[in-house]
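Have a look at the structure below, then the notes.
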Amino acid sequence: MRIVVLIKPGGELDETDARAVEAALHVARRRIDVSVSVLTAGPKNCVQALRAALALGADDGVHVRDDELATHDVLALSRVYAAALRYAGFELVLCAASSEAPNLSAIPAMLAERLGAPLLARADSLTIGGTDTDEIIAVCDEGGFGGGGGGSGGDGGEGRGWLVERAAEPPVVVSVGDHAPEPRYPPFPRSRRGTPEARQNPDA
Amino acid sequence: MPLVDPVLVLAERGTDGDGIDPAAGPAPPTPAPLSPAARELLTAARRIGTPVTAAVSISAPPEAADPAHDLPKPADLPDLGGPLDLAGLSDLADLVRRISPRAVLIPHGPVGEETAARLAVRLESGLVTDVTGISLGGGEIHVVQDAAAGACRIATRLCGPTPVITVRRGAFPAETAASAETVAPARSLVQQTTDIDAPDAVPPPARTVQAARPARPTRVLRRRPKSETGRDLILDTADVVVAGGRGVGSAEGFSLLARVAAVLGGCLGGTHTTCELGWCPEHARISLPGAQIRPRLYLAGGVSGSVRHRAAIRRARTVVAIDEDPAAPIFREADFGIVGDLHQVLPALLDELARRTTPRPPAPDPPALPTSPEPLTSPEPLT
């Protein structure tokens, strides 16, 4: 099973993207036959975000280099992502559901539309069905749905949202929500050893 | 009849806040008036052209339908379809192609954004989301968006045909209800009403076999209202957290803590023990694993301070602890410690807070968040 995590274009790994990588690794831990790739598209400096994602534990990274690609042009960006995904193949695409930068939160739905894959939106947790099935199960945060028809959703008050457990057969697009587990950054004890702080508190 | 600079507005029919009772009936015979969100959208649309309304009615999820909340697990429970179902989306795309509006305006939100995203892909037109400002200049639409949580604003010029725009709720104060309601239907020369009905609470089976469903729909296994899981309180980002431990004594004792939390404008949490005892909901567990909090003020009542709990509150700025045992480990973490029975200390604290807040009636923000914990120093501080 090939899991592809989309990384936002930019020089730094976004916290929300890091959560998506963590969710992918969470799935990958349960299975032997899983590879986790990270994919980004954009100018040269995107490779740094890609490296940070690899440091979190992704297996390989793909950088579609295009210095002209504007970050906020989600129509073009989703087209590039979709083309790259079709080329590389995928069973599960993970993408952060929210973004500090404008427009990018629409990417998961645009990809689902382009790839003709079901969308599990704003997933808090993600599992694979079992050993004999590849079904993806996600608990989706359908906040603000009630009364928010047509999309006035953001104002969904207390008790109006739903947590819905959804299942879909791969290939699937999943957007990873803000309540997904935090990424576990690898500790670097060796690199701290020589620092003044480490020398003062050797136990820390 | 040709339209002059039409702007397609995806407007939801009023089901909330309009005095329309959502439970009035499954099918209102007359079109309901537009919702407040739709009126805001029409206001925004009027800045760049003539609004044309596509009415959408999406019924609310089955809030009253299943009191048991956890539905049984039938594999064939059909999907509620999240946004507009895809048949409706095709209609919408066709409508846009037919009238080729200057822009399509959709209210921003989880549902609106997904609809906008899918529509933009179908039309191959540009998409800007969560717009807070919109204007017309030189025949092109200019929009303003917030970025980095409002730290900066981005102005964008849209040059492609028929951009899809989702508009932030509240960014455009709706013009007076009267003018909005009279002007909009008059101006929308073609009352384009694409009724896109989402399935009802328990959709009839006919709905699920309709064409233009996604080839492989998602399957709903379970559905819980968020209020039940208490998602509305978000411990990890709360500014003030009030938590109780085994020393609270009972589930009823937590209501006292909840009152304190409400007065301080904070969230209520509990230790892992109280969650296991069922006094406190599982989602409010402050522990490892559990919520790791970083409030400015953390008030612990009856919390002894296990290693796991202290690890979870490590990033709290000011810790105030109330416990009967002076040797409780929580006092090692606390900036202010009170040795005493929380059932006496907390009511006294509530009285004092009430006394301090009442002399200032025109307080703009009702729960004044204490930035410094001086008011909480006790008559008998622990050293």
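By convention here, the chains of the structure tokens are called A, B, ... in the order presented, each chain's residues are numbered starting at 1, and ligands are numbered starting at 1 in the order presented.
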12 Å contact set for Ile48 of chain B, only C-alpha atoms, chain neighbours under 5 positions out, as an NGL selection string = :B and (4-9 or 41-43 or 101-105 or 133-143)
Any chance you can output those residues with N, CA and C atoms as a PDB file, in the first residue's frame?
```
ATOM      1  N   VAL B   4     -27.044  41.499 -16.373  1.00  0.00           N
ATOM      2  CA  VAL B   4     -25.897  42.391 -16.360  1.00  0.00           C
ATOM      3  C   VAL B   4     -24.994  41.982 -15.209  1.00  0.00           C
ATOM      4  N   ASP B   5     -23.816  41.548 -15.538  1.00  0.00           N
ATOM      5  CA  ASP B   5     -22.832  41.169 -14.528  1.00  0.00           C
ATOM      6  C   ASP B   5     -23.426  40.303 -13.432  1.00  0.00           C
ATOM      7  N   PRO B   6     -23.941  39.177 -13.776  1.00  0.00           N
ATOM      8  CA  PRO B   6     -24.526  38.360 -12.719  1.00  0.00           C
ATOM      9  C   PRO B   6     -23.450  37.797 -11.794  1.00  0.00           C
ATOM     10  N   VAL B   7     -23.792  37.673 -10.557  1.00  0.00           N
ATOM     11  CA  VAL B   7     -22.922  37.022  -9.579  1.00  0.00           C
ATOM     12  C   VAL B   7     -23.753  35.927  -8.939  1.00  0.00           C
ATOM     13  N   LEU B   8     -23.341  34.699  -9.110  1.00  0.00           N
ATOM     14  CA  LEU B   8     -24.133  33.596  -8.579  1.00  0.00           C
ATOM     15  C   LEU B   8     -23.859  33.443  -7.091  1.00  0.00           C
ATOM     16  N   VAL B   9     -24.922  33.447  -6.336  1.00  0.00           N
ATOM     17  CA  VAL B   9     -24.791  33.324  -4.885  1.00  0.00           C
ATOM     18  C   VAL B   9     -25.439  32.020  -4.468  1.00  0.00           C
ATOM     19  N   LEU B  41     -24.092  37.191   2.119  1.00  0.00           N
ATOM     20  CA  LEU B  41     -23.501  36.856   0.827  1.00  0.00           C
ATOM     21  C   LEU B  41     -24.053  37.752  -0.276  1.00  0.00           C
ATOM     22  N   LEU B  42     -25.339  38.036  -0.195  1.00  0.00           N
ATOM     23  CA  LEU B  42     -25.937  38.914  -1.195  1.00  0.00           C
ATOM     24  C   LEU B  42     -25.340  40.311  -1.086  1.00  0.00           C
ATOM     25  N   THR B  43     -25.083  40.741   0.136  1.00  0.00           N
ATOM     26  CA  THR B  43     -24.454  42.042   0.327  1.00  0.00           C
ATOM     27  C   THR B  43     -23.094  42.080  -0.356  1.00  0.00           C
ATOM     28  N   PRO B 101     -21.593  33.506 -14.779  1.00  0.00           N
ATOM     29  CA  PRO B 101     -21.561  34.691 -13.923  1.00  0.00           C
ATOM     30  C   PRO B 101     -20.156  35.233 -13.765  1.00  0.00           C
ATOM     31  N   ARG B 102     -20.089  36.436 -13.269  1.00  0.00           N
ATOM     32  CA  ARG B 102     -18.791  37.061 -13.026  1.00  0.00           C
ATOM     33  C   ARG B 102     -18.040  36.310 -11.929  1.00  0.00           C
ATOM     34  N   ALA B 103     -18.784  35.795 -10.962  1.00  0.00           N
ATOM     35  CA  ALA B 103     -18.160  35.027  -9.884  1.00  0.00           C
ATOM     36  C   ALA B 103     -19.219  34.165  -9.234  1.00  0.00           C
ATOM     37  N   VAL B 104     -18.778  33.168  -8.497  1.00  0.00           N
ATOM     38  CA  VAL B 104     -19.694  32.350  -7.712  1.00  0.00           C
ATOM     39  C   VAL B 104     -19.328  32.557  -6.244  1.00  0.00           C
ATOM     40  N   LEU B 105     -20.302  32.947  -5.459  1.00  0.00           N
ATOM     41  CA  LEU B 105     -20.057  33.200  -4.045  1.00  0.00           C
ATOM     42  C   LEU B 105     -20.715  32.118  -3.207  1.00  0.00           C
ATOM     43  N   GLY B 133     -12.892  40.531   2.209  1.00  0.00           N
ATOM     44  CA  GLY B 133     -13.176  41.783   1.524  1.00  0.00           C
ATOM     45  C   GLY B 133     -13.279  41.524   0.037  1.00  0.00           C
ATOM     46  N   ILE B 134     -14.144  42.268  -0.624  1.00  0.00           N
ATOM     47  CA  ILE B 134     -14.305  42.038  -2.058  1.00  0.00           C
ATOM     48  C   ILE B 134     -14.644  43.368  -2.712  1.00  0.00           C
ATOM     49  N   SER B 135     -14.068  43.612  -3.877  1.00  0.00           N
ATOM     50  CA  SER B 135     -14.369  44.853  -4.584  1.00  0.00           C
ATOM     51  C   SER B 135     -14.113  44.633  -6.060  1.00  0.00           C
ATOM     52  N   LEU B 136     -14.534  45.614  -6.827  1.00  0.00           N
ATOM     53  CA  LEU B 136     -14.397  45.517  -8.272  1.00  0.00           C
ATOM     54  C   LEU B 136     -13.523  46.671  -8.716  1.00  0.00           C
ATOM     55  N   GLY B 137     -12.501  46.375  -9.491  1.00  0.00           N
ATOM     56  CA  GLY B 137     -11.651  47.454  -9.971  1.00  0.00           C
ATOM     57  C   GLY B 137     -11.138  47.124 -11.351  1.00  0.00           C
ATOM     58  N   GLY B 138     -11.407  47.990 -12.304  1.00  0.00           N
ATOM     59  CA  GLY B 138     -10.922  47.773 -13.656  1.00  0.00           C
ATOM     60  C   GLY B 138     -11.443  46.487 -14.273  1.00  0.00           C
ATOM     61  N   GLY B 139     -12.683  46.166 -13.956  1.00  0.00           N
ATOM     62  CA  GLY B 139     -13.280  44.980 -14.535  1.00  0.00           C
ATOM     63  C   GLY B 139     -12.813  43.683 -13.906  1.00  0.00           C
ATOM     64  N   GLU B 140     -11.956  43.786 -12.918  1.00  0.00           N
ATOM     65  CA  GLU B 140     -11.492  42.577 -12.254  1.00  0.00           C
ATOM     66  C   GLU B 140     -11.890  42.608 -10.784  1.00  0.00           C
ATOM     67  N   ILE B 141     -12.023  41.409 -10.248  1.00  0.00           N
ATOM     68  CA  ILE B 141     -12.427  41.307  -8.856  1.00  0.00           C
ATOM     69  C   ILE B 141     -11.186  41.292  -7.984  1.00  0.00           C
ATOM     70  N   HIS B 142     -11.220  42.089  -6.941  1.00  0.00           N
ATOM     71  CA  HIS B 142     -10.130  42.078  -5.964  1.00  0.00           C
ATOM     72  C   HIS B 142     -10.680  41.521  -4.671  1.00  0.00           C
ATOM     73  N   VAL B 143      -9.948  40.620  -4.076  1.00  0.00           N
ATOM     74  CA  VAL B 143     -10.408  40.067  -2.804  1.00  0.00           C
ATOM     75  C   VAL B 143      -9.313  40.238  -1.758  1.00  0.00           C
TER      76      VAL B 143
END
```
Contacts of Val176 of chain A at 9 Å or less, counting only C-alpha atoms, minus same-chain residues fewer than 4 places along, as an NGL selection string?
-> :A and (16-17 or 19-20 or 23 or 94-98 or 120-126 or 140 or 180)
Only N, CA and C atoms, please: the residues just picked out, written as a PDB file, in the first residue's frame.
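For reference, again.pdb as written:
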```pdb
ATOM      1  N   THR A  16       0.606  21.410  10.508  1.00  0.00           N
ATOM      2  CA  THR A  16      -0.520  20.576  10.081  1.00  0.00           C
ATOM      3  C   THR A  16      -0.041  19.469   9.145  1.00  0.00           C
ATOM      4  N   ASP A  17       0.949  19.779   8.318  1.00  0.00           N
ATOM      5  CA  ASP A  17       1.505  18.743   7.449  1.00  0.00           C
ATOM      6  C   ASP A  17       2.226  17.683   8.266  1.00  0.00           C
ATOM      7  N   ARG A  19       1.418  16.734  11.165  1.00  0.00           N
ATOM      8  CA  ARG A  19       0.378  15.852  11.710  1.00  0.00           C
ATOM      9  C   ARG A  19      -0.071  14.836  10.669  1.00  0.00           C
ATOM     10  N   ALA A  20      -0.138  15.264   9.431  1.00  0.00           N
ATOM     11  CA  ALA A  20      -0.544  14.334   8.374  1.00  0.00           C
ATOM     12  C   ALA A  20       0.495  13.233   8.217  1.00  0.00           C
ATOM     13  N   ALA A  23       0.031  10.835  10.999  1.00  0.00           N
ATOM     14  CA  ALA A  23      -1.120   9.955  10.768  1.00  0.00           C
ATOM     15  C   ALA A  23      -0.747   8.845   9.788  1.00  0.00           C
ATOM     16  N   LEU A  94      -2.918  11.614   2.017  1.00  0.00           N
ATOM     17  CA  LEU A  94      -3.185  12.385   3.222  1.00  0.00           C
ATOM     18  C   LEU A  94      -2.785  13.829   2.966  1.00  0.00           C
ATOM     19  N   CYS A  95      -3.601  14.712   3.496  1.00  0.00           N
ATOM     20  CA  CYS A  95      -3.357  16.124   3.258  1.00  0.00           C
ATOM     21  C   CYS A  95      -3.896  16.869   4.465  1.00  0.00           C
ATOM     22  N   ALA A  96      -3.203  17.890   4.887  1.00  0.00           N
ATOM     23  CA  ALA A  96      -3.677  18.648   6.041  1.00  0.00           C
ATOM     24  C   ALA A  96      -4.984  19.354   5.697  1.00  0.00           C
ATOM     25  N   ALA A  97      -5.913  19.336   6.633  1.00  0.00           N
ATOM     26  CA  ALA A  97      -7.225  19.917   6.360  1.00  0.00           C
ATOM     27  C   ALA A  97      -7.216  21.429   6.474  1.00  0.00           C
ATOM     28  N   SER A  98      -6.312  21.953   7.256  1.00  0.00           N
ATOM     29  CA  SER A  98      -6.321  23.397   7.436  1.00  0.00           C
ATOM     30  C   SER A  98      -4.946  23.947   7.108  1.00  0.00           C
ATOM     31  N   LEU A 120     -12.437  11.576   2.842  1.00  0.00           N
ATOM     32  CA  LEU A 120     -12.733  11.528   4.272  1.00  0.00           C
ATOM     33  C   LEU A 120     -12.192  12.832   4.842  1.00  0.00           C
ATOM     34  N   ALA A 121     -13.085  13.734   5.173  1.00  0.00           N
ATOM     35  CA  ALA A 121     -12.671  15.100   5.479  1.00  0.00           C
ATOM     36  C   ALA A 121     -12.465  15.301   6.968  1.00  0.00           C
ATOM     37  N   ARG A 122     -11.413  16.031   7.292  1.00  0.00           N
ATOM     38  CA  ARG A 122     -11.074  16.397   8.662  1.00  0.00           C
ATOM     39  C   ARG A 122     -11.056  15.190   9.584  1.00  0.00           C
ATOM     40  N   ALA A 123     -10.203  14.260   9.270  1.00  0.00           N
ATOM     41  CA  ALA A 123     -10.117  13.034  10.068  1.00  0.00           C
ATOM     42  C   ALA A 123      -9.309  13.296  11.331  1.00  0.00           C
ATOM     43  N   ASP A 124      -9.850  12.861  12.447  1.00  0.00           N
ATOM     44  CA  ASP A 124      -9.126  12.968  13.708  1.00  0.00           C
ATOM     45  C   ASP A 124      -8.225  11.765  13.919  1.00  0.00           C
ATOM     46  N   SER A 125      -8.688  10.630  13.467  1.00  0.00           N
ATOM     47  CA  SER A 125      -7.875   9.433  13.616  1.00  0.00           C
ATOM     48  C   SER A 125      -8.130   8.560  12.410  1.00  0.00           C
ATOM     49  N   LEU A 126      -7.185   7.692  12.166  1.00  0.00           N
ATOM     50  CA  LEU A 126      -7.173   6.961  10.906  1.00  0.00           C
ATOM     51  C   LEU A 126      -6.697   5.550  11.184  1.00  0.00           C
ATOM     52  N   CYS A 140     -14.332  11.410  11.298  1.00  0.00           N
ATOM     53  CA  CYS A 140     -14.325  12.711  10.646  1.00  0.00           C
ATOM     54  C   CYS A 140     -15.049  13.734  11.510  1.00  0.00           C
ATOM     55  N   ALA A 180      -5.901  15.630  15.095  1.00  0.00           N
ATOM     56  CA  ALA A 180      -5.078  14.441  14.887  1.00  0.00           C
ATOM     57  C   ALA A 180      -3.873  14.495  15.835  1.00  0.00           C
TER      58      ALA A 180
END
```
Residues near Leu6 of chain A, cut-off 6 Å, only C-alpha atoms, skip fewer than 2 positions along chain, as a list in words =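 Neighbouring residues, sequence-local ones excluded: Val38, Leu39, Thr40 and Cys95 of chain A.
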For the atom pair atom CA of Val4 of chain A and atom CA of Glu22 of chain A, what is the interatomic distance in Å to one decimal place?
->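 Between atom CA of Val4 of chain A and atom CA of Glu22 of chain A the gap is 12.0 Å.
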Mind the document's chain letters and residue numbers, and return as a compact mmCIF listing (two decimals) with N, CA, C and O atoms, in the first residue's frame the residues of segment 227-284 of chain B that DSSP labels helix (DSSP H, G or I).
```txt
# COMPACT_ATOMS: atom_id res chain seq x y z
N SER B 227 -21.21 17.51 20.88
CA SER B 227 -21.42 18.01 22.24
C SER B 227 -21.21 16.88 23.24
O SER B 227 -20.73 17.08 24.34
N GLU B 228 -21.57 15.67 22.80
CA GLU B 228 -21.42 14.54 23.69
C GLU B 228 -19.95 14.28 24.00
O GLU B 228 -19.58 13.92 25.10
N THR B 229 -19.14 14.45 23.00
CA THR B 229 -17.73 14.23 23.23
C THR B 229 -17.07 15.49 23.79
O THR B 229 -15.89 15.48 24.07
N LEU B 235 -9.25 21.82 25.45
CA LEU B 235 -8.37 21.98 26.60
C LEU B 235 -6.98 22.45 26.21
O LEU B 235 -6.41 23.31 26.84
N ASP B 236 -6.46 21.87 25.14
CA ASP B 236 -5.04 22.12 24.86
C ASP B 236 -4.77 23.57 24.50
O ASP B 236 -3.64 24.02 24.59
N THR B 237 -5.80 24.30 24.08
CA THR B 237 -5.53 25.68 23.73
C THR B 237 -6.18 26.66 24.70
O THR B 237 -6.12 27.86 24.48
N ARG B 246 -9.16 13.21 42.42
CA ARG B 246 -9.94 12.32 43.27
C ARG B 246 -10.47 13.05 44.51
O ARG B 246 -11.52 12.72 45.05
N GLY B 247 -9.75 14.07 44.94
CA GLY B 247 -10.16 14.82 46.11
C GLY B 247 -11.49 15.55 45.96
O GLY B 247 -12.08 16.00 46.94
N VAL B 248 -11.97 15.68 44.70
CA VAL B 248 -13.27 16.31 44.50
C VAL B 248 -14.37 15.46 45.13
O VAL B 248 -15.38 15.97 45.60
N GLY B 253 -19.35 16.84 42.65
CA GLY B 253 -18.37 17.84 43.03
C GLY B 253 -17.81 18.58 41.84
O GLY B 253 -17.38 19.73 41.95
N PHE B 254 -17.85 17.93 40.67
CA PHE B 254 -17.31 18.58 39.48
C PHE B 254 -18.16 19.76 39.04
O PHE B 254 -17.68 20.64 38.34
N SER B 255 -19.42 19.78 39.46
CA SER B 255 -20.25 20.91 39.06
C SER B 255 -19.75 22.19 39.72
O SER B 255 -19.86 23.28 39.14
N LEU B 256 -19.20 22.04 40.93
CA LEU B 256 -18.61 23.21 41.58
C LEU B 256 -17.43 23.73 40.75
O LEU B 256 -17.30 24.93 40.49
N LEU B 257 -16.58 22.78 40.32
CA LEU B 257 -15.45 23.16 39.49
C LEU B 257 -15.92 23.78 38.18
O LEU B 257 -15.32 24.73 37.68
N ALA B 258 -17.00 23.22 37.65
CA ALA B 258 -17.51 23.76 36.38
C ALA B 258 -17.96 25.20 36.57
O ALA B 258 -17.78 26.04 35.68
N ARG B 259 -18.53 25.50 37.75
CA ARG B 259 -18.96 26.89 38.00
C ARG B 259 -17.74 27.81 38.04
O ARG B 259 -17.76 28.90 37.47
N VAL B 260 -16.69 27.34 38.71
CA VAL B 260 -15.47 28.16 38.77
C VAL B 260 -14.92 28.37 37.37
O VAL B 260 -14.53 29.47 36.99
N ALA B 261 -14.92 27.28 36.60
CA ALA B 261 -14.39 27.38 35.23
C ALA B 261 -15.20 28.38 34.42
O ALA B 261 -14.65 29.18 33.66
N ALA B 262 -16.51 28.36 34.61
CA ALA B 262 -17.36 29.27 33.84
C ALA B 262 -17.08 30.72 34.23
O ALA B 262 -17.02 31.60 33.38
N VAL B 263 -16.90 30.95 35.54
CA VAL B 263 -16.65 32.32 35.99
C VAL B 263 -15.31 32.81 35.48
O VAL B 263 -15.16 33.96 35.06
N LEU B 264 -14.32 31.94 35.48
CA LEU B 264 -12.99 32.34 35.01
C LEU B 264 -12.89 32.30 33.50
O LEU B 264 -11.87 32.67 32.94
N HIS B 272 -6.57 11.55 35.32
CA HIS B 272 -6.92 10.26 34.73
C HIS B 272 -7.77 9.43 35.68
O HIS B 272 -8.66 8.70 35.26
N THR B 273 -7.53 9.59 37.00
CA THR B 273 -8.34 8.83 37.95
C THR B 273 -9.81 9.20 37.85
O THR B 273 -10.68 8.33 37.82
N THR B 274 -10.09 10.50 37.81
CA THR B 274 -11.49 10.91 37.76
C THR B 274 -12.15 10.46 36.47
O THR B 274 -13.34 10.14 36.46
N CYS B 275 -11.37 10.41 35.39
CA CYS B 275 -11.95 9.93 34.14
C CYS B 275 -12.28 8.45 34.26
O CYS B 275 -13.32 8.00 33.78
N GLU B 276 -11.39 7.71 34.93
CA GLU B 276 -11.66 6.29 35.08
C GLU B 276 -12.84 6.05 36.02
O GLU B 276 -13.61 5.11 35.85
N LEU B 277 -12.99 6.93 37.01
CA LEU B 277 -14.13 6.80 37.92
C LEU B 277 -15.43 7.27 37.27
O LEU B 277 -16.50 7.08 37.84
N GLU B 282 -14.14 11.46 29.36
CA GLU B 282 -12.84 10.95 28.93
C GLU B 282 -12.03 11.99 28.16
O GLU B 282 -10.82 12.07 28.28
N HIS B 283 -12.73 12.80 27.38
CA HIS B 283 -12.02 13.76 26.54
C HIS B 283 -11.37 14.86 27.36
O HIS B 283 -10.53 15.59 26.87
N ALA B 284 -11.79 15.01 28.62
CA ALA B 284 -11.25 16.10 29.43
C ALA B 284 -10.10 15.63 30.31
O ALA B 284 -9.74 16.29 31.26
```
Check the smallest atom-to-atom distance from each of B:Asp323, B:Leu92, B:Gly305, B:Val128 to Leu158 of chain B using only C-alpha atoms, then report the winner.
->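 Ranking B:Asp323, B:Leu92, B:Gly305, B:Val128 by distance to Leu158 of chain B, first place goes to B:Val128.
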Top pick for closest residue to chain B, considering A:Glu91, A:Glu113, A:Glu135, A:Asp178 and counting only C-alpha atoms |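 Smallest distance to chain B is found for A:Glu113.
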From the set B:Asp91, B:Gly269, B:Gln292, B:Gly245, which residue has the shortest atom-to-atom contact distance to chain A, counting only C-alpha atoms?
->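 Among B:Asp91, B:Gly269, B:Gln292, B:Gly245, it is B:Gln292 that comes nearest to chain A.
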Do you have the atom CA of Ala155 of chain B-atom CA of Asp67 of chain A distance handy?
->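 These two atoms are separated by 21.4 Å.
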Pairwise distance, atom CA of Asp130 of chain B with atom CA of Pro9 of chain A, equals 19.5 Å
List the neighbours of segment 77-82 of chain A out to 10 Å using only C-alpha atoms; skip same-chain residues closer than 4 positions along the sequence, and give me the result as a ChimeraX atom specification.
-> /A:6,8-9,39-42,64,66,69-73,86-88,104,106-115 /B:121,124
Which residue out of B:Ile330, B:Ala312, B:Leu299, B:Val220 has the minimum interatomic distance to Val345 of chain B when only C-alpha atoms are used?
->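 Closest to Val345 of chain B of all the choices is B:Leu299.
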Minimum-distance residue to Leu75 of chain A, chosen among A:Gly10, A:Asn103, A:Arg29, A:Phe90 (using only C-alpha atoms) =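 Looking only at the distances to Leu75 of chain A, the closest residue turns out to be A:Asn103.
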Best match for closeness to chain A among B:Ala334, B:Ala354, B:Ala116, B:Leu297, counting only C-alpha atoms |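 Distance minimum relative to chain A lands on B:Ala116.
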